[in-house]
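Okay, my_file16.pdb is below, PDB, C-alpha atoms, pLDDT in the B column:
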```
MODEL        1
ATOM      1  CA  MET P   1       0.000   0.000   0.000  1.00 54.00           C
ATOM      2  CA  ALA P   2       2.416   2.608  -1.202  1.00 72.00           C
ATOM      3  CA  LYS P   3      -0.267   5.313  -1.372  1.00 84.00           C
ATOM      4  CA  ASN P   4      -2.339   4.260   1.670  1.00 88.00           C
ATOM      5  CA  GLU P   5      -5.544   4.445  -0.409  1.00 87.00           C
ATOM      6  CA  LEU P   6      -8.812   2.554  -0.074  1.00 85.00           C
ATOM      7  CA  ILE P   7     -10.578   2.031  -3.404  1.00 85.00           C
ATOM      8  CA  VAL P   8     -14.290   1.170  -3.359  1.00 90.00           C
ATOM      9  CA  VAL P   9     -15.988  -0.206  -6.480  1.00 91.00           C
ATOM     10  CA  GLN P  10     -19.500  -1.367  -7.310  1.00 92.00           C
ATOM     11  CA  GLY P  11     -20.250  -4.850  -8.538  1.00 88.00           C
ATOM     12  CA  HIS P  12     -18.853  -8.280  -7.763  1.00 86.00           C
ATOM     13  CA  GLU P  13     -17.152  -8.529 -11.168  1.00 86.00           C
ATOM     14  CA  HIS P  14     -15.449  -5.128 -11.281  1.00 93.00           C
ATOM     15  CA  PRO P  15     -12.028  -5.452 -13.011  1.00 92.00           C
ATOM     16  CA  LEU P  16     -10.207  -3.898 -10.043  1.00 90.00           C
ATOM     17  CA  LEU P  17     -11.267  -6.913  -7.935  1.00 91.00           C
ATOM     18  CA  LEU P  18      -9.385  -9.337 -10.213  1.00 93.00           C
ATOM     19  CA  SER P  19      -5.689 -10.201  -9.777  1.00 94.00           C
ATOM     20  CA  ASP P  20      -3.402 -12.172 -12.041  1.00 95.00           C
ATOM     21  CA  GLY P  21      -0.874 -12.829  -9.298  1.00 96.00           C
ATOM     22  CA  LEU P  22       0.398 -12.128  -5.823  1.00 95.00           C
ATOM     23  CA  LYS P  23       3.529 -11.843  -3.722  1.00 94.00           C
ATOM     24  CA  ALA P  24       3.637 -13.969  -0.582  1.00 93.00           C
ATOM     25  CA  GLN P  25       5.888 -13.741   2.472  1.00 92.00           C
ATOM     26  CA  GLN P  26       6.200 -15.667   5.751  1.00 90.00           C
ATOM     27  CA  LEU P  27       6.478 -18.944   3.862  1.00 90.00           C
ATOM     28  CA  THR P  28       5.958 -22.415   5.296  1.00 88.00           C
ATOM     29  CA  TRP P  29       6.749 -25.496   3.201  1.00 86.00           C
ATOM     30  CA  ILE P  30       5.727 -29.060   4.075  1.00 85.00           C
ATOM     31  CA  ASP P  31       8.855 -31.107   4.926  1.00 80.00           C
ATOM     32  CA  ASN P  32      10.838 -27.882   4.330  1.00 80.00           C
ATOM     33  CA  GLU P  33      10.953 -28.701   0.597  1.00 81.00           C
ATOM     34  CA  GLU P  34      10.729 -25.556  -1.498  1.00 82.00           C
ATOM     35  CA  PRO P  35       8.633 -25.867  -4.664  1.00 85.00           C
ATOM     36  CA  ILE P  36      10.015 -26.029  -8.173  1.00 84.00           C
ATOM     37  CA  THR P  37       9.804 -22.745 -10.075  1.00 83.00           C
ATOM     38  CA  ASN P  38       7.988 -22.605 -13.421  1.00 81.00           C
ATOM     39  CA  TRP P  39       5.903 -25.665 -12.537  1.00 89.00           C
ATOM     40  CA  VAL P  40       2.099 -25.684 -12.623  1.00 93.00           C
ATOM     41  CA  TYR P  41       0.551 -25.863  -9.162  1.00 94.00           C
ATOM     42  CA  ALA P  42      -2.946 -25.230  -7.821  1.00 94.00           C
ATOM     43  CA  ALA P  43      -3.586 -22.404  -5.363  1.00 94.00           C
ATOM     44  CA  LYS P  44      -6.371 -21.055  -3.167  1.00 93.00           C
ATOM     45  CA  THR P  45      -6.662 -17.711  -1.423  1.00 92.00           C
ATOM     46  CA  ARG P  46     -10.148 -18.490  -0.075  1.00 90.00           C
ATOM     47  CA  TYR P  47     -11.355 -21.658   1.674  1.00 88.00           C
ATOM     48  CA  ARG P  48     -14.202 -22.631  -0.681  1.00 89.00           C
ATOM     49  CA  GLN P  49     -12.610 -21.301  -3.826  1.00 90.00           C
ATOM     50  CA  PRO P  50     -11.939 -23.765  -6.659  1.00 93.00           C
ATOM     51  CA  ASP P  51      -8.286 -24.626  -7.258  1.00 93.00           C
ATOM     52  CA  ALA P  52      -6.630 -22.053  -9.520  1.00 95.00           C
ATOM     53  CA  PRO P  53      -3.737 -23.155 -11.749  1.00 96.00           C
ATOM     54  CA  CYS P  54      -0.635 -21.097 -11.005  1.00 95.00           C
ATOM     55  CA  GLU P  55       3.134 -20.939 -11.387  1.00 94.00           C
ATOM     56  CA  ILE P  56       5.726 -19.859  -8.860  1.00 91.00           C
ATOM     57  CA  ASP P  57       7.894 -17.654 -11.039  1.00 86.00           C
ATOM     58  CA  GLN P  58      10.262 -16.133  -8.488  1.00 80.00           C
ATOM     59  CA  LEU P  59      11.509 -17.837  -5.403  1.00 79.00           C
ATOM     60  CA  SER P  60      13.672 -16.665  -2.545  1.00 85.00           C
ATOM     61  CA  LYS P  61      13.871 -17.707   1.078  1.00 83.00           C
ATOM     62  CA  GLU P  62      11.632 -14.806   2.140  1.00 88.00           C
ATOM     63  CA  GLU P  63       9.193 -14.240  -0.739  1.00 91.00           C
ATOM     64  CA  VAL P  64       7.533 -15.876  -3.737  1.00 92.00           C
ATOM     65  CA  THR P  65       5.659 -14.461  -6.695  1.00 94.00           C
ATOM     66  CA  ILE P  66       2.691 -16.562  -7.789  1.00 95.00           C
ATOM     67  CA  ASN P  67       1.071 -15.974 -11.183  1.00 96.00           C
ATOM     68  CA  PHE P  68      -2.380 -17.379 -11.897  1.00 96.00           C
ATOM     69  CA  GLY P  69      -3.448 -18.833 -15.246  1.00 94.00           C
ATOM     70  CA  GLN P  70      -6.713 -16.860 -14.960  1.00 95.00           C
ATOM     71  CA  LYS P  71      -7.401 -13.747 -12.925  1.00 95.00           C
ATOM     72  CA  GLN P  72      -8.639 -14.455  -9.404  1.00 94.00           C
ATOM     73  CA  TRP P  73     -11.295 -12.558  -7.468  1.00 92.00           C
ATOM     74  CA  ALA P  74     -10.441 -10.387  -4.459  1.00 90.00           C
ATOM     75  CA  VAL P  75      -6.887 -11.482  -3.683  1.00 92.00           C
ATOM     76  CA  THR P  76      -6.157  -9.332  -0.644  1.00 88.00           C
ATOM     77  CA  ALA P  77      -3.093  -8.421   1.393  1.00 87.00           C
ATOM     78  CA  GLY P  78      -2.966 -10.338   4.661  1.00 89.00           C
ATOM     79  CA  GLN P  79      -4.605 -13.491   3.307  1.00 90.00           C
ATOM     80  CA  SER P  80      -2.987 -16.900   3.155  1.00 92.00           C
ATOM     81  CA  ALA P  81      -2.235 -18.452  -0.217  1.00 93.00           C
ATOM     82  CA  VAL P  82      -2.270 -22.247  -0.079  1.00 93.00           C
ATOM     83  CA  VAL P  83      -0.440 -23.960  -2.938  1.00 92.00           C
ATOM     84  CA  TYR P  84      -0.906 -27.624  -3.832  1.00 90.00           C
ATOM     85  CA  GLU P  85       0.823 -29.918  -6.281  1.00 86.00           C
ATOM     86  CA  SER P  86      -1.570 -30.298  -9.195  1.00 65.00           C
ATOM     87  CA  ASN P  87      -1.668 -33.991 -10.076  1.00 62.00           C
TER      88      ASN P  87
ENDMDL
END
```
In structure tokens, how does this file's structure come out?
Amino acid sequence: MAKNELIVVQGHEHPLLLSDGLKAQQLTWIDNEEPITNWVYAAKTRYRQPDAPCEIDQLSKEEVTINFGQKQWAVTAGQSAVVYESN
């Protein structure tokens, strides 16, 4: 939030509510195995949301960048992003 602004829009499908990716910090990996970059995974940012195909394009010890195959609704700072292997 570089500008400390709150933007309010009307409608569930407003384009400003859609995100094609996210940056995540405070990472926890199962068995401490970091994921492979440029591999297709499935991710969720909401509990009942369908799995969304994604790629982890940048990876460091502190932060990842996740890009979705299709824009996702209402990805919000402070949420968890859960990434699964897509079999």
- Task: Find the residues around Ile30 (chain P) up to 12 Å (all atoms listed in the file counted), leave out those fewer than 2 positions away in its own chain, and share them as an MDAnalysis selection string.
- Result: chainID P and resid 27:28 32:35 82:85
Distance query Ile66 (chain P) at most 7 Å, all atoms listed in the file, self and fewer than 4 positions along chain excluded, as a tab-separated table (two decimals) with C-alpha atoms, in the coordinates of the input:
```tsv
chain	number	residue	atom	x	y	z
P	21	GLY	CA	-0.87	-12.83	-9.30
P	22	LEU	CA	0.40	-12.13	-5.82
P	23	LYS	CA	3.53	-11.84	-3.72
P	54	CYS	CA	-0.64	-21.10	-11.00
P	55	GLU	CA	3.13	-20.94	-11.39
P	56	ILE	CA	5.73	-19.86	-8.86
P	57	ASP	CA	7.89	-17.65	-11.04
```
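Taking CA of Asp20 (chain P) and CA of Phe68 (chain P) as endpoints, the distance between them is 5.3 Å.
Checking P:Asn38, P:Gln49, P:Ser80, P:Gln25 one by one against Val64 (chain P), counting all atoms listed in the file, you find the shortest gap at P:Gln25.
Using all atoms listed in the file, the shortest contact distance between Trp73 (chain P) and any of P:Arg48, P:His12, P:Lys61, P:Lys3 is found at P:His12.
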- Message: Which residues are close to Thr45 (chain P), i.e. within 7 Å by all atoms listed in the file, leaving aside same-chain residues fewer than 2 positions away? Reply as a VMD selection string.
- Response: chain P and resid 43 47 75 79 to 82
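CA of Thr76 (chain P) is found 18.8 Å from CA of Glu62 (chain P).
Closest approach to Ser60 (chain P) among P:Ala24, P:Arg46, P:Gln72, P:His14: P:Ala24, based on all atoms listed in the file.
Between CA of Glu13 (chain P) and CA of Asp51 (chain P) the interatomic distance comes to 18.8 Å.
Closest to Thr37 (chain P) among P:Asn4, P:Gln58, P:Thr65, P:Gln70 is P:Gln58, based on all atoms listed in the file.
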Which residues, written as a short mmCIF file (atom, residue, chain, number, x, y, z; two decimals) with C-alpha atoms, keeping the file's coordinate frame, have at least one atom at most 12 Å from Val9 (chain P), with only C-alpha atoms counted and residues fewer than 5 positions away on the same chain left out?
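Here's the written file result-v7.cif:
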```cif
data_model
loop_
_atom_site.label_atom_id
_atom_site.label_comp_id
_atom_site.auth_asym_id
_atom_site.auth_seq_id
_atom_site.Cartn_x
_atom_site.Cartn_y
_atom_site.Cartn_z
CA HIS P 14 -15.45 -5.13 -11.28
CA PRO P 15 -12.03 -5.45 -13.01
CA LEU P 16 -10.21 -3.90 -10.04
CA LEU P 17 -11.27 -6.91 -7.94
CA LEU P 18 -9.38 -9.34 -10.21
CA ALA P 74 -10.44 -10.39 -4.46
#
```
